[in-house]
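J.: Just one file: my_file05.cif, with mmCIF, C-alpha atoms.
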data_structure
loop_
_atom_site.label_atom_id
_atom_site.label_comp_id
_atom_site.auth_asym_id
_atom_site.auth_seq_id
_atom_site.Cartn_x
_atom_site.Cartn_y
_atom_site.Cartn_z
CA MET A 24 0.00 0.00 0.00
CA SER A 25 1.28 3.42 -0.85
CA SER A 26 -0.32 5.16 2.08
CA GLY A 27 -0.20 8.93 1.89
CA GLU A 28 0.34 9.09 5.62
CA GLY A 29 2.62 7.05 7.77
CA PRO A 30 4.84 4.14 6.88
CA SER A 31 3.93 1.77 4.06
CA ASP A 32 2.34 -1.59 4.87
CA GLY A 33 5.61 -3.30 3.98
CA GLU A 34 7.53 -1.13 6.43
CA VAL A 35 5.00 -1.79 9.20
CA VAL A 36 5.10 -5.55 8.59
CA ARG A 37 8.88 -5.53 8.76
CA ARG A 38 8.81 -3.57 12.04
CA VAL A 39 6.33 -6.02 13.58
CA LEU A 40 8.38 -9.00 12.48
CA ALA A 41 11.47 -7.36 13.95
CA GLY A 42 9.72 -7.41 17.33
CA ASN A 43 7.84 -4.10 17.48
CA VAL A 44 4.46 -5.64 18.20
CA GLU A 45 2.72 -2.33 18.89
CA GLN A 46 3.23 -1.35 15.25
CA TYR A 47 0.60 -3.93 14.33
CA ALA A 48 -1.99 -1.44 15.60
CA VAL A 49 -1.21 0.66 12.49
CA LEU A 50 -2.38 -2.19 10.25
CA VAL A 51 -5.39 -2.86 12.46
CA ARG A 52 -6.54 0.77 12.20
CA ARG A 53 -5.84 0.83 8.48
CA TYR A 54 -7.80 -2.33 7.63
CA ARG A 55 -10.44 -2.66 10.33
CA ASP A 56 -13.13 -1.10 8.19
CA ARG A 57 -11.83 -1.59 4.66
CA TYR A 58 -13.38 -5.01 4.18
CA ALA A 59 -16.01 -4.83 6.94
CA ARG A 60 -18.83 -4.31 4.46
CA TYR A 61 -17.71 -7.37 2.50
CA ALA A 62 -17.75 -9.44 5.70
CA ALA A 63 -21.11 -8.03 6.79
CA ARG A 64 -22.74 -8.86 3.46
CA MET A 65 -21.12 -12.29 3.36
CA LEU A 66 -22.28 -13.16 6.86
CA GLY A 67 -25.52 -11.21 7.01
CA SER A 68 -24.87 -9.00 10.02
CA GLN A 69 -22.51 -6.41 11.40
CA ASP A 70 -21.94 -8.45 14.57
CA ALA A 71 -20.79 -11.44 12.57
CA ALA A 72 -18.59 -9.14 10.47
CA GLU A 73 -17.02 -7.72 13.62
CA ASP A 74 -16.11 -11.20 14.86
CA ALA A 75 -14.78 -12.19 11.45
CA VAL A 76 -12.62 -9.09 11.01
CA GLN A 77 -11.28 -9.45 14.54
CA ASP A 78 -10.42 -13.12 14.04
CA ALA A 79 -8.85 -12.42 10.67
CA LEU A 80 -6.67 -9.63 12.06
CA VAL A 81 -5.40 -11.89 14.85
CA ARG A 82 -4.85 -14.72 12.40
CA ALA A 83 -2.97 -12.37 10.07
CA TYR A 84 -0.68 -11.47 12.96
CA ASP A 85 -0.06 -15.16 13.70
CA GLN A 86 0.76 -15.78 10.05
CA LEU A 87 2.56 -12.50 9.36
CA ALA A 88 5.89 -14.18 8.71
CA ARG A 89 4.24 -16.01 5.81
CA CYS A 90 3.28 -12.77 4.08
CA ARG A 91 5.81 -13.02 1.28
CA GLU A 92 4.95 -9.63 -0.19
CA PRO A 93 4.50 -7.28 2.79
CA GLU A 94 3.69 -4.35 0.49
CA LYS A 95 0.61 -6.29 -0.57
CA PHE A 96 -0.59 -6.84 2.98
CA ALA A 97 -4.09 -5.54 2.11
CA GLY A 98 -4.76 -8.24 -0.49
CA TRP A 99 -3.21 -10.92 1.69
CA PHE A 100 -5.33 -9.88 4.66
CA PHE A 101 -8.46 -9.86 2.48
CA LEU A 102 -7.84 -13.50 1.53
CA ILE A 103 -7.57 -14.44 5.22
CA LEU A 104 -10.83 -12.63 5.98
CA ARG A 105 -12.48 -14.22 2.95
CA ASN A 106 -11.43 -17.70 4.11
CA ARG A 107 -12.83 -16.87 7.54
CA CYS A 108 -16.15 -15.85 5.98
CA PHE A 109 -16.25 -19.02 3.85
CA ALA A 110 -15.55 -21.18 6.91
CA GLU A 111 -18.32 -19.45 8.84
CA ARG A 112 -20.82 -19.94 6.02
CA ARG A 113 -19.87 -23.60 5.62
CA ARG A 114 -20.29 -24.08 9.35
CA ARG A 115 -23.74 -22.52 9.14
CA ASN A 116 -24.63 -24.70 6.15
CA ARG A 117 -23.72 -27.80 8.11
CA GLU A 118 -25.96 -26.66 10.93
CA ALA A 119 -28.59 -25.31 8.57
CA ARG A 120 -32.24 -25.89 9.23
CA PRO A 121 -35.06 -25.44 6.77
CA LEU A 122 -37.30 -22.40 7.11
CA GLY A 123 -39.59 -22.92 10.06
CA ALA A 124 -43.18 -21.87 10.45
CA ARG A 125 -42.14 -18.59 12.07
CA ASP A 126 -39.77 -17.80 9.23
CA GLU A 127 -42.45 -18.51 6.69
CA ALA A 128 -44.81 -16.19 8.56
CA ILE A 129 -42.21 -13.42 8.41
CA ALA A 130 -41.64 -14.09 4.72
CA GLY A 131 -45.36 -13.93 4.16
CA SER A 132 -45.68 -10.59 5.90
CA GLU A 133 -43.25 -9.10 3.41
CA ARG A 134 -45.44 -9.89 0.45
CA SER A 135 -47.05 -6.96 -1.24
CA ASP A 136 -49.54 -6.68 -4.02
CA GLY A 137 -48.73 -3.04 -4.65
CA PRO A 138 -45.46 -1.31 -5.46
CA VAL A 139 -42.75 -2.94 -3.40
CA GLU A 140 -40.87 -0.66 -1.06
CA ARG A 141 -37.10 -0.58 -1.27
CA ALA A 142 -36.75 -1.89 2.29
CA ASP A 143 -38.96 -4.86 1.44
CA ASP A 144 -36.95 -5.50 -1.71
CA ARG A 145 -33.80 -5.38 0.36
CA ARG A 146 -35.07 -7.89 2.92
CA THR A 147 -36.33 -10.21 0.20
CA LEU A 148 -33.03 -10.00 -1.63
CA GLU A 149 -31.15 -10.67 1.60
CA ARG A 150 -33.22 -13.78 2.21
CA ALA A 151 -32.51 -14.97 -1.33
CA LEU A 152 -28.78 -14.22 -0.98
CA GLU A 153 -28.73 -16.30 2.18
CA ARG A 154 -29.50 -19.33 0.05
CA LEU A 155 -26.56 -18.91 -2.31
CA THR A 156 -23.44 -21.00 -1.79
CA ALA A 157 -20.55 -19.20 -0.11
CA GLU A 158 -18.75 -19.04 -3.45
CA GLN A 159 -21.76 -17.58 -5.25
CA ARG A 160 -22.40 -15.06 -2.51
CA ASP A 161 -18.72 -14.08 -2.49
CA VAL A 162 -18.69 -13.13 -6.15
CA PHE A 163 -22.11 -11.43 -5.86
CA VAL A 164 -20.91 -9.28 -2.95
CA LEU A 165 -17.63 -8.37 -4.65
CA LYS A 166 -19.36 -7.45 -7.90
CA HIS A 167 -22.60 -5.84 -6.78
CA VAL A 168 -21.85 -4.55 -3.28
CA GLU A 169 -18.17 -3.68 -3.60
CA GLU A 170 -18.80 -2.84 -7.27
CA LEU A 171 -15.59 -4.43 -8.53
CA SER A 172 -15.15 -5.54 -12.12
CA TYR A 173 -14.51 -9.21 -12.89
CA GLU A 174 -10.91 -8.30 -13.65
CA GLU A 175 -10.51 -6.62 -10.26
CA ILE A 176 -12.10 -9.59 -8.49
CA ALA A 177 -9.76 -11.92 -10.36
CA ALA A 178 -6.74 -9.89 -9.26
CA LEU A 179 -7.96 -9.91 -5.66
CA THR A 180 -8.91 -13.57 -5.37
CA GLY A 181 -6.65 -15.30 -7.87
CA ALA A 182 -9.66 -16.84 -9.64
CA SER A 183 -9.98 -16.61 -13.42
CA VAL A 184 -12.48 -14.24 -15.04
CA PRO A 185 -14.39 -17.06 -16.83
CA SER A 186 -14.67 -18.98 -13.57
CA LEU A 187 -15.96 -15.88 -11.77
CA LYS A 188 -18.50 -15.21 -14.51
CA MET A 189 -19.71 -18.78 -14.40
CA ARG A 190 -20.19 -18.54 -10.65
CA MET A 191 -21.95 -15.17 -10.93
CA HIS A 192 -24.31 -16.38 -13.66
CA ARG A 193 -25.24 -19.43 -11.61
CA ALA A 194 -25.89 -17.09 -8.70
CA TYR A 195 -28.25 -15.00 -10.89
CA ASP A 196 -30.21 -18.13 -11.80
CA ARG A 197 -30.40 -19.26 -8.22
CA LEU A 198 -31.50 -15.82 -7.04
CA ARG A 199 -34.18 -15.82 -9.71
CA ALA A 200 -35.50 -19.16 -8.49
CA GLU A 201 -35.33 -18.16 -4.83
CA LEU A 202 -37.06 -14.85 -5.45
CA LYS A 203 -39.82 -16.60 -7.33
CA GLU A 204 -40.31 -18.73 -4.26
CA LEU A 205 -40.06 -15.88 -1.76
CA VAL A 206 -42.16 -13.19 -3.44
CA MET B 11 -40.92 -18.35 -18.12
CA THR B 12 -37.80 -20.55 -18.07
CA GLU B 13 -35.87 -21.56 -14.94
CA GLN B 14 -32.81 -19.54 -15.87
CA TYR B 15 -32.18 -16.00 -16.92
CA HIS B 16 -31.63 -15.50 -20.62
CA PRO B 17 -27.88 -15.00 -21.30
CA LEU B 18 -28.60 -11.44 -22.47
CA ILE B 19 -30.20 -10.63 -19.13
CA LYS B 20 -27.11 -11.95 -17.37
CA GLN B 21 -25.06 -9.61 -19.53
CA LEU B 22 -27.42 -6.80 -18.53
CA LEU B 23 -26.87 -7.62 -14.84
CA ASP B 24 -23.13 -7.75 -15.44
CA GLY B 25 -23.32 -4.22 -16.85
CA GLU B 26 -22.23 -5.34 -20.30
CA LEU B 27 -25.53 -4.42 -21.97
CA ALA B 28 -28.05 -1.61 -21.54
CA LEU B 29 -31.75 -2.28 -21.11
CA ALA B 30 -32.45 -0.65 -24.47
CA GLU B 31 -30.13 -3.14 -26.15
CA LEU B 32 -32.28 -6.08 -25.12
CA PRO B 33 -34.81 -7.49 -27.57
CA PRO B 34 -38.27 -6.05 -26.73
CA GLY B 35 -39.46 -9.44 -25.50
CA LEU B 36 -36.81 -9.52 -22.77
CA ARG B 37 -37.06 -5.94 -21.55
CA ALA B 38 -39.76 -6.50 -18.92
CA GLU B 39 -37.78 -9.29 -17.31
CA GLY B 40 -34.60 -7.26 -17.66
CA GLU B 41 -36.25 -4.40 -15.83
CA ARG B 42 -37.33 -6.71 -12.99
CA ALA B 43 -33.79 -8.10 -12.77
CA LEU B 44 -32.34 -4.60 -12.54
CA GLN B 45 -34.84 -3.79 -9.81
CA LEU B 46 -33.33 -6.69 -7.90
CA LEU B 47 -29.87 -5.18 -8.10
CA ALA B 48 -31.20 -1.77 -7.11
CA ALA B 49 -32.12 -3.31 -3.75
CA VAL B 50 -28.51 -4.26 -2.99
CA ASP B 51 -27.42 -2.73 0.30
CA ARG B 52 -24.15 -0.84 -0.22
CA THR B 53 -24.25 1.07 3.05
CA PRO B 54 -20.69 1.33 4.40
CA VAL B 55 -20.00 -0.70 7.54
CA VAL B 56 -17.91 0.92 10.24
CA LEU B 57 -16.76 -1.31 13.08
CA PRO B 58 -16.32 0.02 16.62
CA ALA B 59 -12.87 1.11 17.69
CA ALA B 60 -13.10 -1.54 20.43
CA VAL B 61 -12.15 -4.06 17.74
CA ASP B 62 -8.67 -2.48 17.67
CA GLN B 63 -8.29 -2.90 21.40
CA ARG B 64 -9.47 -6.51 21.36
CA VAL B 65 -7.16 -7.42 18.49
CA MET B 66 -4.15 -5.75 20.08
CA ALA B 67 -4.87 -7.40 23.43
CA GLN B 68 -4.74 -10.80 21.73
CA VAL B 69 -1.67 -9.84 19.73
CA ARG B 70 0.18 -8.78 22.90
CA ARG B 71 -0.75 -12.02 24.63
CA ARG B 72 0.51 -14.03 21.69
CA SER B 73 3.73 -12.06 21.36
CA SER B 74 4.61 -12.69 25.00
CA SER B 75 3.74 -16.38 24.91
CA PRO B 76 6.61 -18.81 24.21
CA VAL B 77 4.17 -20.98 22.28
CA GLY B 78 3.17 -18.02 20.13
CA ARG B 79 6.78 -17.15 19.43
CA ALA B 80 7.53 -20.76 18.52
CA TRP B 81 4.50 -20.89 16.23
CA ARG B 82 5.54 -17.73 14.38
CA TRP B 83 9.06 -19.11 14.02
CA LEU B 84 7.60 -22.31 12.60
CA VAL B 85 5.37 -20.56 10.08
CA ARG B 86 8.04 -18.12 8.92
CA ALA B 87 8.34 -18.44 5.14
CA ARG B 88 11.33 -20.54 4.23
CA ASP B 89 12.20 -23.28 1.80
CA LEU B 90 11.64 -26.70 3.29
CA ASP B 91 12.48 -30.13 2.01
CA ILE B 92 9.72 -32.30 3.40
CA ARG B 93 10.44 -36.03 3.67
CA VAL B 94 7.36 -38.09 4.25
CA ARG B 95 6.51 -41.75 4.12
CA VAL B 96 4.27 -42.93 1.31
CA ARG B 97 0.96 -43.96 2.75
CA PRO B 98 -0.53 -46.98 0.98
CA TRP B 99 -3.68 -45.92 -0.75
CA VAL B 100 -6.71 -47.83 -1.51
CA VAL B 101 -8.44 -47.89 -4.85
CA GLY B 102 -12.01 -48.83 -5.51
CA LEU B 103 -13.25 -48.28 -1.99
CA ALA B 104 -16.05 -45.90 -1.25
CA ALA B 105 -13.59 -43.31 -0.22
CA ALA B 106 -11.50 -40.65 -1.75
CA ALA B 107 -7.84 -41.08 -2.35
CA VAL B 108 -5.09 -38.80 -3.30
CA LEU B 109 -2.30 -40.22 -5.37
CA ALA B 110 0.93 -38.52 -6.02
CA LEU B 111 2.56 -39.52 -9.25
CA ALA B 112 6.16 -39.30 -10.16
CA VAL B 113 6.76 -36.29 -11.86
CA VAL B 114 9.82 -34.20 -11.97
CA TRP B 115 10.91 -32.33 -15.05
CA PRO B 116 13.44 -34.27 -17.11
CA GLY B 117 16.97 -34.04 -15.82
CA SER B 118 16.08 -32.52 -12.49
CA GLU B 119 17.69 -35.00 -10.17
CA VAL B 120 17.77 -32.31 -7.56
CA ALA B 121 14.59 -30.41 -8.09
CA THR B 122 14.45 -26.75 -7.30
CA SER B 123 11.69 -25.37 -5.13
CA HIS B 124 10.03 -24.10 -8.31
CA ALA B 125 9.76 -27.45 -10.09
CA PRO B 126 6.10 -28.45 -10.15
CA VAL B 127 5.04 -31.98 -9.34
CA TYR B 128 2.03 -33.57 -10.98
CA VAL B 129 -0.35 -34.92 -8.39
CA ARG B 130 -3.35 -37.02 -9.30
CA PHE B 131 -6.41 -36.69 -7.12
CA ILE B 132 -9.04 -39.40 -7.12
CA PHE B 133 -12.44 -39.06 -5.54
CA TYR B 134 -15.30 -41.52 -5.24
CA ALA B 135 -18.71 -39.88 -5.48
CA PRO B 136 -21.22 -42.10 -7.29
CA SER B 137 -24.16 -39.70 -7.07
CA ALA B 138 -22.31 -36.46 -7.77
CA HIS B 139 -23.04 -34.32 -10.81
CA SER B 140 -19.87 -32.31 -10.46
CA VAL B 141 -16.75 -32.47 -8.33
CA THR B 142 -14.06 -29.83 -8.06
CA ILE B 143 -11.01 -29.50 -5.87
CA ALA B 144 -10.02 -26.31 -4.16
CA GLY B 145 -7.06 -25.70 -1.95
CA SER B 146 -4.22 -23.50 -0.92
CA PHE B 147 -2.65 -24.14 -4.33
CA ASN B 148 -5.47 -22.42 -6.24
CA GLN B 149 -6.55 -19.81 -3.70
CA TRP B 150 -9.51 -22.04 -2.78
CA ASP B 151 -11.15 -21.24 -6.08
CA PRO B 152 -13.81 -23.96 -6.42
CA GLY B 153 -14.14 -23.35 -10.16
CA ALA B 154 -10.46 -23.64 -11.01
CA ALA B 155 -9.95 -27.41 -10.93
CA PRO B 156 -12.87 -29.62 -11.92
CA LEU B 157 -12.49 -33.40 -11.64
CA VAL B 158 -13.67 -35.51 -14.56
CA PRO B 159 -15.51 -38.82 -14.31
CA THR B 160 -13.45 -41.87 -15.24
CA ALA B 161 -14.62 -45.00 -17.04
CA THR B 162 -15.21 -46.55 -13.63
CA PRO B 163 -18.59 -45.37 -12.40
CA GLY B 164 -18.38 -43.01 -9.47
CA ILE B 165 -14.65 -42.35 -9.72
CA TRP B 166 -13.62 -38.77 -10.48
CA THR B 167 -10.09 -37.64 -11.11
CA THR B 168 -7.84 -34.76 -12.02
CA THR B 169 -4.11 -34.20 -12.19
CA LEU B 170 -2.67 -30.91 -10.99
CA ALA B 171 0.82 -29.44 -11.18
CA LEU B 172 1.64 -28.45 -7.62
CA PRO B 173 4.66 -26.65 -6.27
CA LEU B 174 6.76 -28.46 -3.69
CA GLY B 175 5.53 -28.08 -0.17
CA GLN B 176 2.52 -28.86 1.91
CA HIS B 177 -0.94 -28.01 0.60
CA GLN B 178 -4.39 -28.04 2.13
CA TYR B 179 -7.43 -28.93 0.05
CA ALA B 180 -11.00 -30.19 0.03
CA PHE B 181 -13.41 -31.51 -2.58
CA LEU B 182 -16.55 -29.58 -3.49
CA VAL B 183 -19.42 -31.81 -4.60
CA ASP B 184 -22.18 -30.36 -6.78
CA GLY B 185 -20.97 -26.86 -6.00
CA GLU B 186 -22.34 -27.05 -2.47
CA ARG B 187 -20.93 -29.78 -0.26
CA TRP B 188 -17.34 -29.63 0.98
CA VAL B 189 -15.80 -33.02 1.70
CA VAL B 190 -12.39 -33.77 3.13
CA ASP B 191 -10.38 -36.65 1.76
CA PRO B 192 -10.99 -39.48 4.23
CA THR B 193 -7.77 -41.26 3.34
CA ALA B 194 -5.54 -38.23 3.76
CA PRO B 195 -4.61 -36.52 7.00
CA SER B 196 -6.57 -33.43 7.85
CA VAL B 197 -5.91 -30.32 9.84
CA ASP B 198 -8.15 -27.88 11.62
CA ASP B 199 -8.42 -24.72 9.57
CA GLY B 200 -8.74 -22.69 12.74
CA PHE B 201 -12.38 -21.92 12.12
CA GLY B 202 -13.99 -25.21 13.05
CA GLN B 203 -13.55 -26.96 9.71
CA HIS B 204 -10.99 -29.49 8.53
CA ASN B 205 -8.92 -29.54 5.39
CA SER B 206 -7.04 -32.46 3.88
CA VAL B 207 -3.28 -32.19 3.54
CA VAL B 208 -0.93 -33.34 0.83
CA ALA B 209 2.83 -32.92 0.98
CA VAL B 210 4.63 -32.66 -2.33
CA THR B 211 8.33 -33.36 -2.36
CA SER B 212 10.88 -34.09 -5.04
CA GLN B 213 12.61 -36.82 -3.04
CA ASP B 214 13.35 -39.71 -5.38
CA GLY B 215 11.44 -37.94 -8.06
CA GLY B 216 7.93 -38.19 -6.83
CA GLY B 217 5.20 -36.41 -5.02
CA ARG B 218 4.02 -37.85 -1.75
CA ALA B 219 0.70 -38.04 -0.09
CA LEU B 220 1.36 -37.13 3.46
#
Show me this structure written as structure tokens.
T.:
Amino acid sequence: MSSGEGPSDGEVVRRVLAGNVEQYAVLVRRYRDRYARYAARMLGSQDAAEDAVQDALVRAYDQLARCREPEKFAGWFFLILRNRCFAERRRRNREARPLGARDEAIAGSERSDGPVERADDRRTLERALERLTAEQRDVFVLKHVEELSYEEIAALTGASVPSLKMRMHRAYDRLRAELKELV
Amino acid sequence: MTEQYHPLIKQLLDGELALAELPPGLRAEGERALQLLAAVDRTPVVLPAAVDQRVMAQVRRRSSSPVGRAWRWLVRARDLDIRVRVRPWVVGLAAAAVLALAVVWPGSEVATSHAPVYVRFIFYAPSAHSVTIAGSFNQWDPGAAPLVPTATPGIWTTTLALPLGQHQYAFLVDGERWVVDPTAPSVDDGFGQHNSVVAVTSQDGGGRAL
């Protein structure tokens, strides 16, 4: 990172590895919020995002010596956070339960015969997004929440553009089916 | 109405086409699809400053712990020559197996750390429609390495060029279900899940399943 203020990420990483642990706070402040929205949309809540970002920052510290390109700390940290989000979603999938009667009642209360309010649309979309796989939701969030291009997502994640597009297009189809069911 | 979006509507959602460029018959559905994207919540998320304090408290604890220091020394990036025993693998059982095939580039008696090793992964999944493998070697991209069905029903396989070292991986069945390799060792990923492990070494010219 070529930060306008303060030492570069690479410099901070080198200082931490040399034993100046307190310097890690610079990276924590710098990256606490940068990917928080990604984590919140991946996990469905700000509380879950807070836990994920916190865990990922501690894990990044534990693994800091494995960061082969300290100047690219931001991208490296994002991959740790992304893995954390994937693990959390897989854990939830394993413990997943089908929609219960109460959930169905809530879903039903959101139905509208008239023009649908934005807030209702948002809740309905969120419920549909919840049913995507972690990989589908990941690419959806990066493209439509973070508003990155496929090329930018590829650079960030290491995935190929065709593979990302395939995942995104499957996500569109799944959202379409889920929305048909929900609305 | 079909089960899937028309490819042109997917292009519209990707931002590669404008609504006016769609054939008239697709515009109504295109409009509904765009309405879906308009509902995406892009509100920035700002975490409380207490996160900083909690992270730094844990970091300080770890830095002062002998175990923490030993762990960071262990994980420090360095070239390692891993010698592992070949584990006998079982074919044809209702289980997955990972097979490391001999592989070094011609003439590389002493392989460098950059010489890739071809590793064949075999997975038994008789009812699967698709199987892919994702791991630390492909940034856990589930679309990067599909397995193909073999002539033997239920057996899927792929061969990947892996760099020397230890890699974690898992199989993804039908794009939804993650499965560890039951015949390979596994490690806790730190978040409550397990990943399989394969060690690739150039010793006597072959890869090794750990």
J.: Please find the residues of chain B near chain A - the criterion being any atom within 6 Å, counting only C-alpha atoms - and write them as a count of residues only.
T.: 11
J.: Counting only C-alpha atoms, which residue out of A:Ala97, A:Leu66, A:Val39, A:Ala151 sits closest to Glu204 in chain A?
T.: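 Among the listed residues, the smallest separation from Glu204 in chain A belongs to A:Ala151.
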J.: Compile the contact shell of range 36-38 of chain B as a list of chain:residue names: residues with an atom at most 12 Å away, counting all atoms listed in the file, same-chain residues fewer than 2 positions apart removed.
T.: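 Here the answer would be B:Met11, B:Tyr15, B:His16, B:Pro17, B:Leu18, B:Ile19, B:Lys20, B:Leu22, B:Leu27, B:Ala28, B:Leu29, B:Ala30, B:Glu31, B:Leu32, B:Pro33, B:Pro34, B:Gly40, B:Glu41, B:Arg42, B:Ala43, B:Leu44, B:Gln45.
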J.: Could you dump the residues just selected with C-alpha atoms as a PDB file, in the coordinates of the input?
T.:
ATOM      1  CA  MET B  11     -40.920 -18.350 -18.120  1.00  0.00           C
ATOM      2  CA  TYR B  15     -32.180 -16.000 -16.920  1.00  0.00           C
ATOM      3  CA  HIS B  16     -31.630 -15.500 -20.620  1.00  0.00           C
ATOM      4  CA  PRO B  17     -27.880 -15.000 -21.300  1.00  0.00           C
ATOM      5  CA  LEU B  18     -28.600 -11.440 -22.470  1.00  0.00           C
ATOM      6  CA  ILE B  19     -30.200 -10.630 -19.130  1.00  0.00           C
ATOM      7  CA  LYS B  20     -27.110 -11.950 -17.370  1.00  0.00           C
ATOM      8  CA  LEU B  22     -27.420  -6.800 -18.530  1.00  0.00           C
ATOM      9  CA  LEU B  27     -25.530  -4.420 -21.970  1.00  0.00           C
ATOM     10  CA  ALA B  28     -28.050  -1.610 -21.540  1.00  0.00           C
ATOM     11  CA  LEU B  29     -31.750  -2.280 -21.110  1.00  0.00           C
ATOM     12  CA  ALA B  30     -32.450  -0.650 -24.470  1.00  0.00           C
ATOM     13  CA  GLU B  31     -30.130  -3.140 -26.150  1.00  0.00           C
ATOM     14  CA  LEU B  32     -32.280  -6.080 -25.120  1.00  0.00           C
ATOM     15  CA  PRO B  33     -34.810  -7.490 -27.570  1.00  0.00           C
ATOM     16  CA  PRO B  34     -38.270  -6.050 -26.730  1.00  0.00           C
ATOM     17  CA  GLY B  40     -34.600  -7.260 -17.660  1.00  0.00           C
ATOM     18  CA  GLU B  41     -36.250  -4.400 -15.830  1.00  0.00           C
ATOM     19  CA  ARG B  42     -37.330  -6.710 -12.990  1.00  0.00           C
ATOM     20  CA  ALA B  43     -33.790  -8.100 -12.770  1.00  0.00           C
ATOM     21  CA  LEU B  44     -32.340  -4.600 -12.540  1.00  0.00           C
ATOM     22  CA  GLN B  45     -34.840  -3.790  -9.810  1.00  0.00           C
TER      23      GLN B  45
END
J.: Identify, on the basis of all atoms listed in the file, every residue whose closest approach to Gly164 in chain B does not exceed 8 Å; exclude the query and any residue fewer than 2 positions from it along the same chain; express the result as a PyMOL selection string.
T.: chain B and resi 134-138+159-160+162+166
J.: Please indicate the distance in Å from CA of Asp191 in chain B to CA of His204 in chain B, rounded to one decimal place.
T.: 9.9 Å
J.: Please compute the CA of Thr169 in chain B-CA of Phe131 in chain B distance, one decimal, in Å.
T.: 6.1 Å
J.: Could you tell me which residues the PyMOL selection byres ((chain B and resi 148) around 12) returns for this structure, as an mmCIF file with C-alpha atoms, keeping the file's coordinate frame?
T.:
data_model
loop_
_atom_site.group_PDB
_atom_site.id
_atom_site.type_symbol
_atom_site.label_atom_id
_atom_site.label_comp_id
_atom_site.auth_asym_id
_atom_site.auth_seq_id
_atom_site.Cartn_x
_atom_site.Cartn_y
_atom_site.Cartn_z
ATOM 1 C CA THR A 180 -8.910 -13.570 -5.370
ATOM 2 C CA GLY A 181 -6.650 -15.300 -7.870
ATOM 3 C CA ALA A 182 -9.660 -16.840 -9.640
ATOM 4 C CA SER A 183 -9.980 -16.610 -13.420
ATOM 5 C CA THR B 142 -14.060 -29.830 -8.060
ATOM 6 C CA ILE B 143 -11.010 -29.500 -5.870
ATOM 7 C CA ALA B 144 -10.020 -26.310 -4.160
ATOM 8 C CA GLY B 145 -7.060 -25.700 -1.950
ATOM 9 C CA SER B 146 -4.220 -23.500 -0.920
ATOM 10 C CA PHE B 147 -2.650 -24.140 -4.330
ATOM 11 C CA GLN B 149 -6.550 -19.810 -3.700
ATOM 12 C CA TRP B 150 -9.510 -22.040 -2.780
ATOM 13 C CA ASP B 151 -11.150 -21.240 -6.080
ATOM 14 C CA PRO B 152 -13.810 -23.960 -6.420
ATOM 15 C CA GLY B 153 -14.140 -23.350 -10.160
ATOM 16 C CA ALA B 154 -10.460 -23.640 -11.010
ATOM 17 C CA ALA B 155 -9.950 -27.410 -10.930
ATOM 18 C CA PRO B 156 -12.870 -29.620 -11.920
ATOM 19 C CA LEU B 170 -2.670 -30.910 -10.990
ATOM 20 C CA ALA B 171 0.820 -29.440 -11.180
ATOM 21 C CA LEU B 172 1.640 -28.450 -7.620
ATOM 22 C CA PRO B 173 4.660 -26.650 -6.270
ATOM 23 C CA HIS B 177 -0.940 -28.010 0.600
ATOM 24 C CA GLN B 178 -4.390 -28.040 2.130
ATOM 25 C CA TYR B 179 -7.430 -28.930 0.050
ATOM 26 C CA ALA B 180 -11.000 -30.190 0.030
#
J.: Which residue gives the smallest distance to Tyr54 in chain A among A:Ala178, A:Glu153, A:Glu28, A:Phe100, with only C-alpha atoms counted?
T.: A:Phe100
J.: What's the separation between CA of Met65 in chain A and CA of Leu157 in chain B, in Å to one decimal place?
T.: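 Taking CA of Met65 in chain A as the start and CA of Leu157 in chain B as the end point, the length is 27.3 Å.
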J.: On this structure, which residues satisfy the PyMOL selection byres ((chain A and resi 31) around 12), written as a PyMOL selection string?
T.: chain A and resi 24-30+32-38+46+49-50+53+93-97
